>>> print(open('my_file-v6.cif').read())   # mmCIF, N, CA and C atoms and all ligand atoms
data_input
#
loop_
_atom_site.label_atom_id
_atom_site.label_comp_id
_atom_site.auth_asym_id
_atom_site.auth_seq_id
_atom_site.Cartn_x
_atom_site.Cartn_y
_atom_site.Cartn_z
N MET R 230 93.36 105.47 135.18
CA MET R 230 92.66 106.23 134.14
C MET R 230 91.35 105.55 133.74
N LYS R 231 91.41 104.22 133.61
CA LYS R 231 90.23 103.49 133.14
C LYS R 231 89.03 103.72 134.06
N GLU R 232 89.27 103.81 135.37
CA GLU R 232 88.15 103.98 136.31
C GLU R 232 87.51 105.37 136.23
N LEU R 233 88.15 106.29 135.52
CA LEU R 233 87.57 107.62 135.34
C LEU R 233 86.49 107.64 134.27
N TYR R 234 86.52 106.63 133.38
CA TYR R 234 85.52 106.55 132.30
C TYR R 234 84.32 105.73 132.78
N GLN R 235 83.15 106.35 132.75
CA GLN R 235 81.93 105.67 133.16
C GLN R 235 81.22 105.11 131.94
N THR R 236 80.46 104.04 132.19
CA THR R 236 79.67 103.49 131.10
C THR R 236 78.34 102.96 131.67
N ALA R 237 77.36 102.83 130.81
CA ALA R 237 76.03 102.38 131.23
C ALA R 237 75.22 102.09 129.98
N ASP R 238 73.98 101.67 130.18
CA ASP R 238 73.05 101.46 129.08
C ASP R 238 72.58 102.83 128.57
N TRP R 239 72.82 103.13 127.30
CA TRP R 239 72.49 104.47 126.78
C TRP R 239 70.99 104.75 126.78
N LYS R 240 70.19 103.68 126.87
CA LYS R 240 68.74 103.90 126.90
C LYS R 240 68.26 104.38 128.27
N LYS R 241 69.13 104.22 129.28
CA LYS R 241 68.77 104.64 130.65
C LYS R 241 69.64 105.77 131.18
N GLU R 242 70.79 106.00 130.55
CA GLU R 242 71.75 106.99 131.06
C GLU R 242 72.07 107.99 129.95
N LYS R 243 71.76 109.27 130.19
CA LYS R 243 71.84 110.30 129.14
C LYS R 243 73.24 110.69 128.72
N HIS R 244 74.27 110.28 129.44
CA HIS R 244 75.64 110.69 129.11
C HIS R 244 76.37 109.76 128.15
N VAL R 245 75.85 108.57 127.95
CA VAL R 245 76.60 107.55 127.21
C VAL R 245 76.62 107.87 125.71
N PRO R 246 77.81 107.91 125.09
CA PRO R 246 77.85 108.13 123.65
C PRO R 246 77.27 106.93 122.90
N VAL R 247 76.40 107.21 121.95
CA VAL R 247 75.77 106.16 121.16
C VAL R 247 76.42 106.12 119.77
N ILE R 248 76.93 104.97 119.40
CA ILE R 248 77.60 104.79 118.11
C ILE R 248 76.61 104.14 117.15
N THR R 249 76.40 104.79 116.01
CA THR R 249 75.52 104.22 114.98
C THR R 249 76.31 104.08 113.69
N ILE R 250 76.33 102.86 113.16
CA ILE R 250 77.08 102.58 111.92
C ILE R 250 76.32 101.49 111.17
N SER R 251 76.43 101.50 109.85
CA SER R 251 75.74 100.48 109.08
C SER R 251 76.33 99.11 109.40
N ASP R 252 75.50 98.09 109.36
CA ASP R 252 75.96 96.74 109.70
C ASP R 252 76.91 96.19 108.65
N GLN R 253 76.77 96.63 107.41
CA GLN R 253 77.60 96.13 106.32
C GLN R 253 78.74 97.12 106.03
N ILE R 254 79.94 96.78 106.42
CA ILE R 254 81.10 97.64 106.16
C ILE R 254 81.99 96.91 105.15
N LYS R 255 82.28 97.61 104.05
CA LYS R 255 83.11 96.99 103.01
C LYS R 255 84.54 97.49 103.14
N LYS R 256 85.47 96.58 102.91
CA LYS R 256 86.89 96.90 103.00
C LYS R 256 87.24 98.11 102.13
N ASP R 257 87.90 99.09 102.74
CA ASP R 257 88.42 100.29 102.07
C ASP R 257 87.35 101.20 101.47
N VAL R 258 86.10 101.03 101.86
CA VAL R 258 85.02 101.93 101.41
C VAL R 258 84.63 102.81 102.61
N PRO R 259 84.67 104.15 102.46
CA PRO R 259 84.32 105.01 103.59
C PRO R 259 82.90 104.75 104.10
N VAL R 260 82.78 104.73 105.43
CA VAL R 260 81.48 104.50 106.06
C VAL R 260 81.27 105.57 107.12
N SER R 261 80.03 106.05 107.22
CA SER R 261 79.70 107.10 108.19
C SER R 261 79.46 106.48 109.57
N VAL R 262 80.11 107.05 110.56
CA VAL R 262 79.93 106.62 111.95
C VAL R 262 79.37 107.81 112.72
N LYS R 263 78.14 107.68 113.18
CA LYS R 263 77.52 108.77 113.96
C LYS R 263 77.73 108.50 115.44
N VAL R 264 78.13 109.54 116.18
CA VAL R 264 78.27 109.44 117.63
C VAL R 264 77.48 110.59 118.24
N GLU R 265 76.56 110.25 119.15
CA GLU R 265 75.71 111.28 119.75
C GLU R 265 75.47 111.00 121.23
N ILE R 266 75.15 112.05 121.94
CA ILE R 266 74.79 111.96 123.36
C ILE R 266 73.30 112.26 123.48
N GLY R 267 72.62 111.51 124.33
CA GLY R 267 71.21 111.81 124.60
C GLY R 267 70.25 111.30 123.55
N LYS R 268 70.58 110.21 122.89
CA LYS R 268 69.70 109.67 121.85
C LYS R 268 68.32 109.30 122.42
N GLU R 269 68.31 108.70 123.61
CA GLU R 269 67.04 108.28 124.23
C GLU R 269 66.56 109.32 125.25
N ILE R 270 67.49 109.81 126.08
CA ILE R 270 67.16 110.80 127.12
C ILE R 270 68.05 112.01 126.87
N ALA R 271 67.46 113.15 126.56
CA ALA R 271 68.25 114.34 126.22
C ALA R 271 69.11 114.80 127.40
N HIS R 272 70.35 115.15 127.10
CA HIS R 272 71.24 115.74 128.10
C HIS R 272 71.01 117.26 128.11
N PRO R 273 71.10 117.92 129.28
CA PRO R 273 70.96 119.38 129.30
C PRO R 273 72.01 120.05 128.40
N ASN R 274 71.66 121.16 127.82
CA ASN R 274 72.60 121.95 127.03
C ASN R 274 72.40 123.41 127.43
N THR R 275 73.06 123.80 128.52
CA THR R 275 72.96 125.16 129.05
C THR R 275 74.37 125.69 129.29
N SER R 276 74.48 126.95 129.61
CA SER R 276 75.79 127.54 129.89
C SER R 276 76.46 126.87 131.10
N GLU R 277 75.65 126.34 132.00
CA GLU R 277 76.18 125.73 133.22
C GLU R 277 76.43 124.23 133.11
N HIS R 278 75.77 123.56 132.18
CA HIS R 278 75.81 122.09 132.11
C HIS R 278 75.68 121.66 130.66
N TYR R 279 76.76 121.07 130.13
CA TYR R 279 76.77 120.73 128.70
C TYR R 279 77.79 119.63 128.40
N ILE R 280 77.70 119.07 127.20
CA ILE R 280 78.70 118.12 126.69
C ILE R 280 79.77 118.93 125.98
N GLY R 281 81.02 118.80 126.42
CA GLY R 281 82.12 119.58 125.87
C GLY R 281 82.74 118.99 124.61
N TRP R 282 82.82 117.66 124.56
CA TRP R 282 83.43 117.04 123.37
C TRP R 282 83.06 115.57 123.24
N ILE R 283 83.25 115.09 122.02
CA ILE R 283 83.11 113.67 121.68
C ILE R 283 84.35 113.29 120.88
N GLU R 284 84.88 112.10 121.13
CA GLU R 284 85.98 111.61 120.29
C GLU R 284 85.72 110.15 119.93
N LEU R 285 86.33 109.75 118.82
CA LEU R 285 86.18 108.38 118.34
C LEU R 285 87.56 107.81 118.04
N LEU R 286 87.81 106.62 118.56
CA LEU R 286 89.06 105.89 118.28
C LEU R 286 88.70 104.55 117.66
N PHE R 287 89.67 103.94 116.99
CA PHE R 287 89.46 102.63 116.39
C PHE R 287 90.63 101.71 116.74
N LEU R 288 90.30 100.57 117.33
CA LEU R 288 91.30 99.56 117.70
C LEU R 288 91.16 98.37 116.76
N PRO R 289 92.07 98.25 115.79
CA PRO R 289 91.98 97.09 114.88
C PRO R 289 92.20 95.79 115.66
N GLU R 290 91.51 94.76 115.23
CA GLU R 290 91.60 93.44 115.88
C GLU R 290 93.05 92.98 115.94
N GLY R 291 93.49 92.54 117.11
CA GLY R 291 94.84 92.00 117.27
C GLY R 291 95.92 93.03 117.50
N GLU R 292 95.57 94.33 117.49
CA GLU R 292 96.57 95.37 117.72
C GLU R 292 96.51 95.87 119.16
N LYS R 293 97.61 96.45 119.62
CA LYS R 293 97.71 96.87 121.01
C LYS R 293 97.17 98.29 121.24
N PHE R 294 97.38 99.19 120.27
CA PHE R 294 97.03 100.59 120.48
C PHE R 294 95.94 101.05 119.52
N PRO R 295 95.00 101.90 120.00
CA PRO R 295 93.95 102.41 119.12
C PRO R 295 94.46 103.60 118.29
N TYR R 296 93.75 103.87 117.20
CA TYR R 296 94.03 105.05 116.37
C TYR R 296 92.93 106.08 116.63
N MET R 297 93.33 107.35 116.75
CA MET R 297 92.35 108.43 116.92
C MET R 297 91.70 108.73 115.57
N VAL R 298 90.39 108.57 115.48
CA VAL R 298 89.65 108.89 114.25
C VAL R 298 89.35 110.38 114.22
N GLY R 299 88.88 110.92 115.34
CA GLY R 299 88.58 112.34 115.39
C GLY R 299 88.10 112.79 116.76
N HIS R 300 88.15 114.10 116.95
CA HIS R 300 87.74 114.71 118.22
C HIS R 300 86.97 115.98 117.86
N VAL R 301 85.74 116.10 118.36
CA VAL R 301 84.90 117.26 118.05
C VAL R 301 84.56 117.99 119.34
N SER R 302 84.79 119.32 119.34
CA SER R 302 84.44 120.15 120.49
C SER R 302 83.11 120.86 120.22
N PHE R 303 82.30 121.00 121.26
CA PHE R 303 81.03 121.73 121.17
C PHE R 303 81.18 122.99 122.00
N GLU R 304 81.16 124.13 121.34
CA GLU R 304 81.58 125.38 121.99
C GLU R 304 80.45 126.34 122.32
N ALA R 305 79.29 126.21 121.70
CA ALA R 305 78.19 127.17 121.95
C ALA R 305 77.20 126.58 122.93
N HIS R 306 77.06 127.21 124.09
CA HIS R 306 76.16 126.70 125.13
C HIS R 306 75.30 127.83 125.71
N GLY R 307 74.90 128.72 124.85
CA GLY R 307 73.93 129.73 125.25
C GLY R 307 74.48 131.01 125.83
N ALA R 308 75.77 131.09 126.10
CA ALA R 308 76.32 132.30 126.73
C ALA R 308 76.53 133.41 125.70
N SER R 309 76.38 134.63 126.15
CA SER R 309 76.69 135.80 125.33
C SER R 309 77.19 136.91 126.25
N THR R 310 77.43 138.10 125.69
CA THR R 310 77.87 139.23 126.53
C THR R 310 76.78 139.64 127.52
N GLU R 311 75.55 139.18 127.28
CA GLU R 311 74.43 139.48 128.18
C GLU R 311 74.38 138.54 129.38
N GLY R 312 75.19 137.45 129.32
CA GLY R 312 75.22 136.51 130.44
C GLY R 312 74.93 135.09 130.00
N PRO R 313 74.84 134.16 130.98
CA PRO R 313 74.57 132.76 130.67
C PRO R 313 73.19 132.59 130.04
N ASN R 314 73.07 131.65 129.13
CA ASN R 314 71.79 131.27 128.52
C ASN R 314 71.03 132.44 127.89
N THR R 315 71.74 133.34 127.26
CA THR R 315 71.08 134.49 126.63
C THR R 315 71.25 134.54 125.12
N SER R 316 72.24 133.78 124.59
CA SER R 316 72.50 133.90 123.14
C SER R 316 71.48 133.15 122.29
N MET R 317 70.85 132.10 122.86
CA MET R 317 69.95 131.21 122.12
C MET R 317 70.70 130.42 121.07
N VAL R 318 72.04 130.33 121.18
CA VAL R 318 72.86 129.54 120.26
C VAL R 318 73.47 128.38 121.04
N TYR R 319 73.23 127.18 120.53
CA TYR R 319 73.69 125.97 121.22
C TYR R 319 74.22 124.96 120.21
N SER R 320 75.43 124.43 120.44
CA SER R 320 75.91 123.32 119.60
C SER R 320 75.44 122.02 120.26
N GLU R 321 74.74 121.20 119.48
CA GLU R 321 74.19 119.95 120.01
C GLU R 321 75.25 118.85 119.96
N PRO R 322 75.26 117.97 120.97
CA PRO R 322 76.31 116.95 121.08
C PRO R 322 76.08 115.74 120.17
N SER R 323 76.26 115.97 118.89
CA SER R 323 76.10 114.92 117.90
C SER R 323 77.05 115.22 116.75
N THR R 324 77.70 114.18 116.23
CA THR R 324 78.63 114.39 115.13
C THR R 324 78.77 113.09 114.32
N SER R 325 79.33 113.21 113.13
CA SER R 325 79.60 112.04 112.30
C SER R 325 81.04 112.06 111.83
N PHE R 326 81.62 110.88 111.74
CA PHE R 326 82.98 110.70 111.21
C PHE R 326 82.86 109.81 109.97
N LEU R 327 83.71 110.05 108.99
CA LEU R 327 83.76 109.19 107.82
C LEU R 327 85.01 108.32 107.95
N LEU R 328 84.80 107.03 108.15
CA LEU R 328 85.90 106.11 108.46
C LEU R 328 86.09 105.11 107.33
N LYS R 329 87.33 104.85 107.00
CA LYS R 329 87.66 103.82 106.01
C LYS R 329 88.64 102.87 106.68
N THR R 330 88.35 101.58 106.64
CA THR R 330 89.27 100.61 107.25
C THR R 330 89.30 99.32 106.44
N GLY R 331 90.43 98.70 106.40
CA GLY R 331 90.55 97.39 105.77
C GLY R 331 90.54 96.29 106.81
N LYS R 332 90.40 96.69 108.08
CA LYS R 332 90.47 95.71 109.16
C LYS R 332 89.22 95.77 110.04
N PRO R 333 88.80 94.61 110.59
CA PRO R 333 87.76 94.65 111.61
C PRO R 333 88.35 95.15 112.92
N GLY R 334 87.49 95.45 113.88
CA GLY R 334 88.01 95.90 115.17
C GLY R 334 86.93 96.49 116.03
N LYS R 335 87.35 97.39 116.92
CA LYS R 335 86.45 97.96 117.91
C LYS R 335 86.47 99.48 117.82
N LEU R 336 85.26 100.07 117.66
CA LEU R 336 85.12 101.53 117.75
C LEU R 336 84.98 101.91 119.22
N LEU R 337 85.72 102.93 119.64
CA LEU R 337 85.71 103.39 121.02
C LEU R 337 85.29 104.85 121.03
N ALA R 338 84.13 105.14 121.61
CA ALA R 338 83.64 106.53 121.68
C ALA R 338 83.76 107.04 123.11
N ASN R 339 84.28 108.24 123.25
CA ASN R 339 84.40 108.89 124.56
C ASN R 339 83.70 110.24 124.49
N SER R 340 83.19 110.69 125.65
CA SER R 340 82.59 112.02 125.71
C SER R 340 82.85 112.64 127.07
N TYR R 341 82.65 113.95 127.12
CA TYR R 341 82.93 114.67 128.35
C TYR R 341 81.80 115.64 128.70
N CYS R 342 81.22 115.46 129.88
CA CYS R 342 80.24 116.40 130.43
C CYS R 342 80.98 117.29 131.43
N ASN R 343 80.73 118.59 131.38
CA ASN R 343 81.48 119.51 132.25
C ASN R 343 81.18 119.31 133.73
N ILE R 344 80.09 118.62 134.04
CA ILE R 344 79.75 118.36 135.45
C ILE R 344 79.93 116.88 135.80
N HIS R 345 79.53 115.99 134.91
CA HIS R 345 79.50 114.56 135.23
C HIS R 345 80.62 113.74 134.62
N GLY R 346 81.64 114.41 134.07
CA GLY R 346 82.87 113.73 133.71
C GLY R 346 82.87 112.95 132.41
N LEU R 347 83.72 111.91 132.40
CA LEU R 347 84.03 111.15 131.19
C LEU R 347 83.12 109.93 131.05
N TRP R 348 82.70 109.67 129.81
CA TRP R 348 81.83 108.54 129.51
C TRP R 348 82.36 107.81 128.29
N ALA R 349 82.07 106.52 128.20
CA ALA R 349 82.62 105.72 127.11
C ALA R 349 81.64 104.65 126.66
N SER R 350 81.76 104.29 125.39
CA SER R 350 81.04 103.13 124.87
C SER R 350 81.87 102.54 123.73
N GLU R 351 81.53 101.34 123.31
CA GLU R 351 82.29 100.71 122.24
C GLU R 351 81.38 99.85 121.38
N LYS R 352 81.86 99.58 120.18
CA LYS R 352 81.08 98.78 119.23
C LYS R 352 82.04 98.01 118.33
N ASP R 353 81.85 96.71 118.24
CA ASP R 353 82.66 95.88 117.35
C ASP R 353 82.18 96.04 115.92
N ILE R 354 83.13 96.10 114.99
CA ILE R 354 82.74 96.15 113.58
C ILE R 354 83.44 95.04 112.80
N LYS R 355 82.72 94.51 111.85
CA LYS R 355 83.25 93.49 110.95
C LYS R 355 83.40 94.11 109.57
N VAL R 356 84.29 93.58 108.79
CA VAL R 356 84.53 94.10 107.44
C VAL R 356 84.30 92.99 106.44
N ALA R 357 83.49 93.28 105.43
CA ALA R 357 83.18 92.27 104.42
C ALA R 357 84.22 92.31 103.32
FE FE R 401 75.90 115.98 132.55
#
>>> encode(input="my_file-v6.cif", output="structure tokens")
Amino acid sequence: MKELYQTADWKKEKHVPVITISDQIKKDVPVSVKVEIGKEIAHPNTSEHYIGWIELLFLPEGEKFPYMVGHVSFEAHGASTEGPNTSMVYSEPSTSFLLKTGKPGKLLANSYCNIHGLWASEKDIKVA
């Protein structure tokens, strides 16, 4: 399974989920975690080629299993009854989660492109 998830430098590869969170996280205070695709290089968003979903998990330090924070589906990719790319309605692959934790650990972001498969990135967080 692990080999199915691709990763790379998000500044050079448009599929990599980018995690943005404030550097100062306080114990038990909700903090916004933004996860987006195409921060540096835009990913296509057409009826034929799009990002289907983003999910975020959190692995507390010293624990074996991660917790699912959330999973967001992007459903509008330009299709309508007139055909592909005719609706002019597109859901962009960007979302935010509000996370509260009393523990430090690792944020794990995954995403799915309908053509180029699964992508992953991670970010360590500390708690003050
Ligand atoms: Fe793609």
>>> closest_residue(input="my_file-v6.cif", among="R:Lys355, R:Lys332, R:His244, R:Lys263", to="ligand FE 401 (chain R)", atoms="only N, CA and C atoms and all ligand atoms")
R:His244
>>> select_by_dssp(input="my_file-v6.cif", residues="chain R", states="strand (DSSP E or B)", output="PyMOL selection string")
chain R and resi 234-235+247-250+260-265+280-289+296-302+306+309+312+319+323-328+334-342+346-354
>>> residues_around(input="my_file-v6.cif", residues="region 292-299 of chain R", least_positions_apart="5", cutoff="8 Å", atoms="only N, CA and C atoms", output="ChimeraX atom specification")
/R:283-287,326-328
>>> write_last_selection(input="my_file-v6.cif", atoms="N, CA and C atoms", output="PDB file, in the frame of the given file")
ATOM      1  N   ILE R 283      83.250 115.090 122.020  1.00  0.00           N
ATOM      2  CA  ILE R 283      83.110 113.670 121.680  1.00  0.00           C
ATOM      3  C   ILE R 283      84.350 113.290 120.880  1.00  0.00           C
ATOM      4  N   GLU R 284      84.880 112.100 121.130  1.00  0.00           N
ATOM      5  CA  GLU R 284      85.980 111.610 120.290  1.00  0.00           C
ATOM      6  C   GLU R 284      85.720 110.150 119.930  1.00  0.00           C
ATOM      7  N   LEU R 285      86.330 109.750 118.820  1.00  0.00           N
ATOM      8  CA  LEU R 285      86.180 108.380 118.340  1.00  0.00           C
ATOM      9  C   LEU R 285      87.560 107.810 118.040  1.00  0.00           C
ATOM     10  N   LEU R 286      87.810 106.620 118.560  1.00  0.00           N
ATOM     11  CA  LEU R 286      89.060 105.890 118.280  1.00  0.00           C
ATOM     12  C   LEU R 286      88.700 104.550 117.660  1.00  0.00           C
ATOM     13  N   PHE R 287      89.670 103.940 116.990  1.00  0.00           N
ATOM     14  CA  PHE R 287      89.460 102.630 116.390  1.00  0.00           C
ATOM     15  C   PHE R 287      90.630 101.710 116.740  1.00  0.00           C
ATOM     16  N   PHE R 326      81.620 110.880 111.740  1.00  0.00           N
ATOM     17  CA  PHE R 326      82.980 110.700 111.210  1.00  0.00           C
ATOM     18  C   PHE R 326      82.860 109.810 109.970  1.00  0.00           C
ATOM     19  N   LEU R 327      83.710 110.050 108.990  1.00  0.00           N
ATOM     20  CA  LEU R 327      83.760 109.190 107.820  1.00  0.00           C
ATOM     21  C   LEU R 327      85.010 108.320 107.950  1.00  0.00           C
ATOM     22  N   LEU R 328      84.800 107.030 108.150  1.00  0.00           N
ATOM     23  CA  LEU R 328      85.900 106.110 108.460  1.00  0.00           C
ATOM     24  C   LEU R 328      86.090 105.110 107.330  1.00  0.00           C
TER      25      LEU R 328
END
>>> closest_residue(input="my_file-v6.cif", among="R:Val258, R:Ile280, R:Val318, R:Leu233", to="ligand FE 401 (chain R)", atoms="only C-alpha atoms and all ligand atoms")
R:Ile280
>>> closest_residue(input="my_file-v6.cif", among="R:Val247, R:Met230, R:Ile266, R:Ala237", to="Ser323 (chain R)", atoms="only N, CA and C atoms")
R:Ile266
>>> residues_near_ligand(input="my_file-v6.cif", ligand="ligand FE 401 (chain R)", cutoff="6.5 Å", atoms="all atoms listed in the file", output="MDAnalysis selection string")
chainID R and resid 244 272:273 278:280 342:346
>>> decode(input="my_file-v6.cif", residues="region 250-266 of chain R", atoms="N, CA and C atoms", output="short mmCIF file (atom, residue, chain, number, x, y, z; two decimals), in the first residue's frame")
data_model
loop_
_atom_site.label_atom_id
_atom_site.label_comp_id
_atom_site.auth_asym_id
_atom_site.auth_seq_id
_atom_site.Cartn_x
_atom_site.Cartn_y
_atom_site.Cartn_z
N ILE R 250 0.01 25.38 8.61
CA ILE R 250 -0.50 25.49 9.99
C ILE R 250 0.39 26.50 10.72
N SER R 251 -0.18 27.18 11.69
CA SER R 251 0.61 28.15 12.43
C SER R 251 1.71 27.42 13.20
N ASP R 252 2.84 28.07 13.37
CA ASP R 252 3.97 27.44 14.05
C ASP R 252 3.70 27.27 15.54
N GLN R 253 2.88 28.14 16.11
CA GLN R 253 2.58 28.07 17.54
C GLN R 253 1.25 27.38 17.78
N ILE R 254 1.28 26.16 18.26
CA ILE R 254 0.06 25.42 18.56
C ILE R 254 -0.03 25.26 20.07
N LYS R 255 -1.16 25.70 20.63
CA LYS R 255 -1.33 25.62 22.07
C LYS R 255 -2.19 24.41 22.43
N LYS R 256 -1.82 23.75 23.51
CA LYS R 256 -2.54 22.57 23.97
C LYS R 256 -4.03 22.84 24.12
N ASP R 257 -4.85 22.00 23.49
CA ASP R 257 -6.31 22.03 23.59
C ASP R 257 -6.96 23.29 23.02
N VAL R 258 -6.24 24.06 22.23
CA VAL R 258 -6.83 25.23 21.55
C VAL R 258 -6.96 24.89 20.06
N PRO R 259 -8.18 24.99 19.49
CA PRO R 259 -8.34 24.65 18.08
C PRO R 259 -7.43 25.48 17.17
N VAL R 260 -6.85 24.80 16.19
CA VAL R 260 -5.96 25.47 15.24
C VAL R 260 -6.38 25.06 13.83
N SER R 261 -6.33 26.03 12.91
CA SER R 261 -6.72 25.77 11.52
C SER R 261 -5.56 25.12 10.76
N VAL R 262 -5.87 24.04 10.08
CA VAL R 262 -4.89 23.35 9.24
C VAL R 262 -5.41 23.40 7.80
N LYS R 263 -4.70 24.12 6.95
CA LYS R 263 -5.10 24.21 5.54
C LYS R 263 -4.36 23.15 4.74
N VAL R 264 -5.09 22.44 3.87
CA VAL R 264 -4.46 21.48 2.97
C VAL R 264 -4.94 21.81 1.56
N GLU R 265 -3.97 22.00 0.65
CA GLU R 265 -4.32 22.37 -0.71
C GLU R 265 -3.41 21.69 -1.72
N ILE R 266 -3.92 21.57 -2.93
CA ILE R 266 -3.14 21.03 -4.05
C ILE R 266 -2.85 22.17 -5.01
#
